[in-house]
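Everything below belongs to entry-v4.cif, which stores mmCIF, C-alpha atoms.
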data_run
loop_
_atom_site.label_atom_id
_atom_site.label_comp_id
_atom_site.auth_asym_id
_atom_site.auth_seq_id
_atom_site.Cartn_x
_atom_site.Cartn_y
_atom_site.Cartn_z
CA MET F 124 11.47 3.88 -32.20
CA ASN F 125 11.35 0.10 -31.99
CA HIS F 126 7.67 -0.45 -31.29
CA VAL F 127 4.23 0.86 -32.17
CA HIS F 128 0.93 0.49 -30.33
CA LEU F 129 -1.42 -0.61 -33.09
CA ASP F 130 -4.56 0.74 -31.46
CA ASP F 131 -2.96 4.22 -31.60
CA LEU F 132 -2.74 3.90 -35.38
CA LEU F 133 -6.52 3.53 -35.49
CA GLY F 134 -7.41 6.38 -33.18
CA GLY F 135 -7.37 4.42 -29.95
CA LEU F 136 -9.58 1.51 -30.98
CA PRO F 137 -10.67 -0.09 -27.69
CA LEU F 138 -9.71 -3.70 -27.06
CA SER F 139 -12.99 -4.45 -25.31
CA THR F 140 -13.91 -7.18 -27.78
CA ASP F 141 -12.02 -10.19 -29.07
CA GLY F 142 -12.86 -9.03 -32.60
CA ALA F 143 -11.00 -5.75 -32.10
CA ARG F 144 -7.96 -7.60 -30.75
CA GLU F 145 -8.03 -10.05 -33.67
CA ALA F 146 -8.21 -7.14 -36.13
CA LEU F 147 -5.19 -5.48 -34.51
CA VAL F 148 -3.20 -8.72 -34.55
CA ALA F 149 -4.05 -9.15 -38.25
CA LEU F 150 -2.88 -5.58 -38.86
CA GLY F 151 0.33 -6.38 -36.98
CA ARG F 152 1.02 -9.42 -39.13
CA ALA F 153 0.53 -7.33 -42.27
CA LEU F 154 2.94 -4.72 -40.91
CA VAL F 155 5.53 -7.44 -40.28
CA GLU F 156 5.45 -8.23 -43.99
CA VAL F 157 5.80 -4.56 -44.97
CA TYR F 158 8.56 -3.82 -42.44
CA THR F 159 10.44 -6.95 -43.54
CA GLU F 160 10.43 -5.97 -47.20
CA ARG F 161 11.48 -2.41 -46.39
CA ALA F 162 14.28 -3.44 -44.00
CA ARG F 163 15.71 -6.44 -45.87
CA PRO F 164 18.06 -4.37 -48.12
CA PHE F 165 19.72 -2.89 -45.01
CA LEU F 166 20.05 -6.04 -42.91
CA GLY F 167 23.08 -7.65 -44.47
CA GLY F 168 21.62 -11.11 -43.89
CA ARG F 169 20.76 -10.50 -40.22
CA GLU F 170 17.53 -11.82 -38.75
CA LEU F 171 14.56 -9.65 -37.73
CA ILE F 172 12.59 -10.46 -34.61
CA PHE F 173 9.07 -9.14 -34.13
CA TYR F 174 7.03 -9.36 -30.92
CA LEU F 175 3.30 -8.96 -31.57
CA GLY F 176 0.77 -8.72 -28.76
CA GLY F 177 0.36 -7.40 -25.26
CA ARG F 178 -1.96 -7.69 -22.29
CA ASP F 179 -3.73 -4.34 -22.42
CA THR F 180 -2.81 -3.17 -25.89
CA VAL F 181 -1.54 -4.77 -29.08
CA SER F 182 1.92 -3.54 -29.91
CA LEU F 183 4.48 -4.55 -32.49
CA ARG F 184 8.12 -4.51 -31.37
CA PHE F 185 10.92 -5.07 -33.84
CA HIS F 186 14.58 -5.81 -33.36
CA VAL F 187 17.56 -6.96 -35.38
CA PHE F 188 18.90 -10.20 -33.90
CA ARG F 189 22.54 -9.77 -33.00
CA GLY F 190 23.09 -13.16 -31.39
CA SER F 191 25.20 -12.17 -28.42
CA GLU F 192 23.02 -9.30 -27.19
CA GLU F 193 19.97 -9.59 -24.94
CA ALA F 194 16.66 -9.47 -26.78
CA TRP F 195 13.62 -7.59 -25.44
CA ALA F 196 12.38 -10.93 -24.10
CA ARG F 197 14.01 -14.32 -24.13
CA LEU F 198 12.81 -16.10 -27.21
CA ASP F 199 12.44 -19.38 -25.32
CA ASP F 200 10.47 -17.93 -22.35
CA ALA F 201 7.07 -19.41 -23.21
CA ASP F 202 5.58 -18.47 -19.82
CA PHE F 203 6.44 -14.78 -20.24
CA LEU F 204 5.22 -14.69 -23.83
CA GLU F 205 1.94 -16.38 -22.89
CA GLN F 206 1.43 -14.04 -19.92
CA GLU F 207 2.04 -11.04 -22.19
CA ARG F 208 -0.21 -12.52 -24.90
CA CYS F 209 2.70 -12.09 -27.28
CA GLU F 210 3.88 -14.07 -30.26
CA VAL F 211 7.37 -14.02 -31.73
CA ILE F 212 7.85 -13.81 -35.48
CA ARG F 213 11.37 -14.43 -36.75
CA ILE F 214 12.33 -13.41 -40.28
CA LYS F 215 15.60 -14.57 -41.86
#

Could the structure of this file be written out as structure tokens, please?
Amino acid sequence: MNHVHLDDLLGGLPLSTDGAREALVALGRALVEVYTERARPFLGGRELIFYLGGRDTVSLRFHVFRGSEEAWARLDDADFLEQERCEVIRIK
């Protein structure tokens, strides 16, 4: 598993309000901190990449950056990330 739909964690919280979306994004940022601390001992200095957001749901995707391999989305594709309402969080 490399992603989680945050609204599923809260019993399908609807995204009908901006407040609900903001709460899910805040939850996602907190999970980034937890996942980072849990994963750091196993990373061997590699970088973690998190994608937080989505159009219809708020999901958190996480990957280990391997440099030569394709990422889920190009990190420099601002148009795609904006369209998907997604932010990239990089942890070294």

- request: Name the residues in contact with Ala153 in chain F at a cut-off of 12 Å, using only C-alpha atoms, excluding same-chain residues fewer than 4 positions from it; report them as a ChimeraX atom specification.
  value: /F:129,146-149,157-160,173,175,183,212

Write out, as a PDB file, keeping the file's coordinate frame, the residues just selected, with C-alpha atoms.
ATOM      1  CA  LEU F 129      -1.420  -0.610 -33.090  1.00  0.00           C
ATOM      2  CA  ALA F 146      -8.210  -7.140 -36.130  1.00  0.00           C
ATOM      3  CA  LEU F 147      -5.190  -5.480 -34.510  1.00  0.00           C
ATOM      4  CA  VAL F 148      -3.200  -8.720 -34.550  1.00  0.00           C
ATOM      5  CA  ALA F 149      -4.050  -9.150 -38.250  1.00  0.00           C
ATOM      6  CA  VAL F 157       5.800  -4.560 -44.970  1.00  0.00           C
ATOM      7  CA  TYR F 158       8.560  -3.820 -42.440  1.00  0.00           C
ATOM      8  CA  THR F 159      10.440  -6.950 -43.540  1.00  0.00           C
ATOM      9  CA  GLU F 160      10.430  -5.970 -47.200  1.00  0.00           C
ATOM     10  CA  PHE F 173       9.070  -9.140 -34.130  1.00  0.00           C
ATOM     11  CA  LEU F 175       3.300  -8.960 -31.570  1.00  0.00           C
ATOM     12  CA  LEU F 183       4.480  -4.550 -32.490  1.00  0.00           C
ATOM     13  CA  ILE F 212       7.850 -13.810 -35.480  1.00  0.00           C
TER      14      ILE F 212
END

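Counting only C-alpha atoms, the residue from F:His126, F:Arg178, F:Arg189, F:Arg161 that sits nearest to Gln206 in chain F is F:Arg178.
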
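Counting all atoms listed in the file and comparing F:Leu166, F:Val211, F:Leu204, F:Leu198, the residue that lies closest to Arg152 in chain F is F:Val211.
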
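Minimum atom-to-atom distances from F:Gly176, F:Glu170, F:Leu133, F:Arg144 to Glu207 in chain F were compared using all atoms listed in the file, and the lowest value belongs to F:Gly176.
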
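A straight line drawn from CA of Gly151 in chain F to CA of Leu171 in chain F is 14.6 Å long.
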
Residue nearest Glu210 in chain F - candidates F:Arg197, F:His128, F:Arg169, F:Arg163, atoms counted: all atoms listed in the file: F:Arg197

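When all atoms listed in the file are used to measure the gap to Lys215 in chain F, the shortest distance among F:Gly168, F:Gly190, F:Asp200, F:Gly177 belongs to F:Gly168.
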
query: How many Å separate CA of Tyr174 in chain F from CA of Asp202 in chain F?
result: 14.4 Å

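Of note, CA of Ile172 in chain F and CA of His186 in chain F are spaced 5.2 Å apart.
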
Since fewer atoms than expected are present, regenerate N, CA and C atoms for range 131-167 of chain F and write them as an mmCIF file, in the coordinates of the input.
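rebuild10.cif written:
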data_model
loop_
_atom_site.group_PDB
_atom_site.id
_atom_site.type_symbol
_atom_site.label_atom_id
_atom_site.label_comp_id
_atom_site.auth_asym_id
_atom_site.auth_seq_id
_atom_site.Cartn_x
_atom_site.Cartn_y
_atom_site.Cartn_z
ATOM 1 N N ASP F 131 -3.202 2.790 -31.378
ATOM 2 C CA ASP F 131 -2.960 4.220 -31.600
ATOM 3 C C ASP F 131 -3.053 4.576 -33.081
ATOM 4 N N LEU F 132 -2.669 3.650 -33.940
ATOM 5 C CA LEU F 132 -2.740 3.900 -35.380
ATOM 6 C C LEU F 132 -4.178 4.067 -35.859
ATOM 7 N N LEU F 133 -5.103 3.492 -35.102
ATOM 8 C CA LEU F 133 -6.520 3.530 -35.490
ATOM 9 C C LEU F 133 -7.328 4.426 -34.565
ATOM 10 N N GLY F 134 -6.698 5.424 -34.011
ATOM 11 C CA GLY F 134 -7.410 6.380 -33.180
ATOM 12 C C GLY F 134 -7.828 5.841 -31.828
ATOM 13 N N GLY F 135 -7.064 4.932 -31.272
ATOM 14 C CA GLY F 135 -7.370 4.420 -29.950
ATOM 15 C C GLY F 135 -8.487 3.407 -29.923
ATOM 16 N N LEU F 136 -8.563 2.558 -30.924
ATOM 17 C CA LEU F 136 -9.580 1.510 -30.980
ATOM 18 C C LEU F 136 -9.556 0.709 -29.679
ATOM 19 N N PRO F 137 -10.675 0.645 -28.958
ATOM 20 C CA PRO F 137 -10.670 -0.090 -27.690
ATOM 21 C C PRO F 137 -10.552 -1.590 -27.908
ATOM 22 N N LEU F 138 -9.899 -2.253 -26.973
ATOM 23 C CA LEU F 138 -9.710 -3.700 -27.060
ATOM 24 C C LEU F 138 -10.778 -4.436 -26.257
ATOM 25 N N SER F 139 -11.963 -3.873 -26.163
ATOM 26 C CA SER F 139 -12.990 -4.450 -25.310
ATOM 27 C C SER F 139 -13.612 -5.713 -25.909
ATOM 28 N N THR F 140 -13.363 -5.973 -27.166
ATOM 29 C CA THR F 140 -13.910 -7.180 -27.780
ATOM 30 C C THR F 140 -12.787 -8.014 -28.380
ATOM 31 N N ASP F 141 -13.018 -9.322 -28.446
ATOM 32 C CA ASP F 141 -12.020 -10.190 -29.070
ATOM 33 C C ASP F 141 -11.861 -9.837 -30.542
ATOM 34 N N GLY F 142 -12.937 -9.403 -31.192
ATOM 35 C CA GLY F 142 -12.860 -9.030 -32.600
ATOM 36 C C GLY F 142 -11.906 -7.880 -32.840
ATOM 37 N N ALA F 143 -11.912 -6.891 -31.950
ATOM 38 C CA ALA F 143 -11.000 -5.750 -32.100
ATOM 39 C C ALA F 143 -9.557 -6.216 -31.935
ATOM 40 N N ARG F 144 -9.317 -7.081 -30.953
ATOM 41 C CA ARG F 144 -7.960 -7.600 -30.750
ATOM 42 C C ARG F 144 -7.509 -8.393 -31.959
ATOM 43 N N GLU F 145 -8.380 -9.251 -32.482
ATOM 44 C CA GLU F 145 -8.030 -10.050 -33.670
ATOM 45 C C GLU F 145 -7.717 -9.157 -34.852
ATOM 46 N N ALA F 146 -8.464 -8.069 -35.018
ATOM 47 C CA ALA F 146 -8.210 -7.140 -36.130
ATOM 48 C C ALA F 146 -6.844 -6.477 -35.974
ATOM 49 N N LEU F 147 -6.487 -6.103 -34.742
ATOM 50 C CA LEU F 147 -5.190 -5.480 -34.510
ATOM 51 C C LEU F 147 -4.043 -6.464 -34.723
ATOM 52 N N VAL F 148 -4.235 -7.704 -34.321
ATOM 53 C CA VAL F 148 -3.200 -8.720 -34.550
ATOM 54 C C VAL F 148 -3.035 -8.965 -36.052
ATOM 55 N N ALA F 149 -4.135 -8.995 -36.789
ATOM 56 C CA ALA F 149 -4.050 -9.150 -38.250
ATOM 57 C C ALA F 149 -3.312 -7.973 -38.871
ATOM 58 N N LEU F 150 -3.591 -6.757 -38.392
ATOM 59 C CA LEU F 150 -2.880 -5.580 -38.860
ATOM 60 C C LEU F 150 -1.386 -5.711 -38.549
ATOM 61 N N GLY F 151 -1.063 -6.190 -37.357
ATOM 62 C CA GLY F 151 0.330 -6.380 -36.980
ATOM 63 C C GLY F 151 1.051 -7.360 -37.884
ATOM 64 N N ARG F 152 0.395 -8.438 -38.230
ATOM 65 C CA ARG F 152 1.020 -9.420 -39.130
ATOM 66 C C ARG F 152 1.260 -8.821 -40.510
ATOM 67 N N ALA F 153 0.328 -8.001 -40.977
ATOM 68 C CA ALA F 153 0.530 -7.330 -42.270
ATOM 69 C C ALA F 153 1.699 -6.356 -42.192
ATOM 70 N N LEU F 154 1.820 -5.645 -41.074
ATOM 71 C CA LEU F 154 2.940 -4.720 -40.910
ATOM 72 C C LEU F 154 4.276 -5.446 -40.854
ATOM 73 N N VAL F 155 4.301 -6.645 -40.288
ATOM 74 C CA VAL F 155 5.530 -7.440 -40.280
ATOM 75 C C VAL F 155 6.004 -7.669 -41.706
ATOM 76 N N GLU F 156 5.082 -8.000 -42.582
ATOM 77 C CA GLU F 156 5.450 -8.230 -43.990
ATOM 78 C C GLU F 156 6.002 -6.956 -44.628
ATOM 79 N N VAL F 157 5.344 -5.830 -44.384
ATOM 80 C CA VAL F 157 5.800 -4.560 -44.970
ATOM 81 C C VAL F 157 7.153 -4.163 -44.399
ATOM 82 N N TYR F 158 7.295 -4.198 -43.069
ATOM 83 C CA TYR F 158 8.560 -3.820 -42.440
ATOM 84 C C TYR F 158 9.702 -4.723 -42.926
ATOM 85 N N THR F 159 9.409 -6.008 -43.090
ATOM 86 C CA THR F 159 10.440 -6.950 -43.540
ATOM 87 C C THR F 159 10.935 -6.581 -44.929
ATOM 88 N N GLU F 160 10.029 -6.314 -45.833
ATOM 89 C CA GLU F 160 10.430 -5.970 -47.200
ATOM 90 C C GLU F 160 11.193 -4.652 -47.239
ATOM 91 N N ARG F 161 10.795 -3.702 -46.406
ATOM 92 C CA ARG F 161 11.480 -2.410 -46.390
ATOM 93 C C ARG F 161 12.870 -2.507 -45.752
ATOM 94 N N ALA F 162 13.021 -3.356 -44.740
ATOM 95 C CA ALA F 162 14.280 -3.440 -44.000
ATOM 96 C C ALA F 162 15.290 -4.392 -44.622
ATOM 97 N N ARG F 163 14.820 -5.379 -45.359
ATOM 98 C CA ARG F 163 15.710 -6.440 -45.870
ATOM 99 C C ARG F 163 16.946 -5.897 -46.594
ATOM 100 N N PRO F 164 16.856 -4.859 -47.430
ATOM 101 C CA PRO F 164 18.060 -4.370 -48.120
ATOM 102 C C PRO F 164 19.141 -3.832 -47.177
ATOM 103 N N PHE F 165 18.775 -3.482 -45.953
ATOM 104 C CA PHE F 165 19.720 -2.890 -45.010
ATOM 105 C C PHE F 165 20.241 -3.875 -43.966
ATOM 106 N N LEU F 166 19.765 -5.096 -43.985
ATOM 107 C CA LEU F 166 20.050 -6.040 -42.910
ATOM 108 C C LEU F 166 21.343 -6.811 -43.067
ATOM 109 N N GLY F 167 21.851 -6.906 -44.263
ATOM 110 C CA GLY F 167 23.080 -7.650 -44.470
ATOM 111 C C GLY F 167 22.974 -9.103 -44.027
#
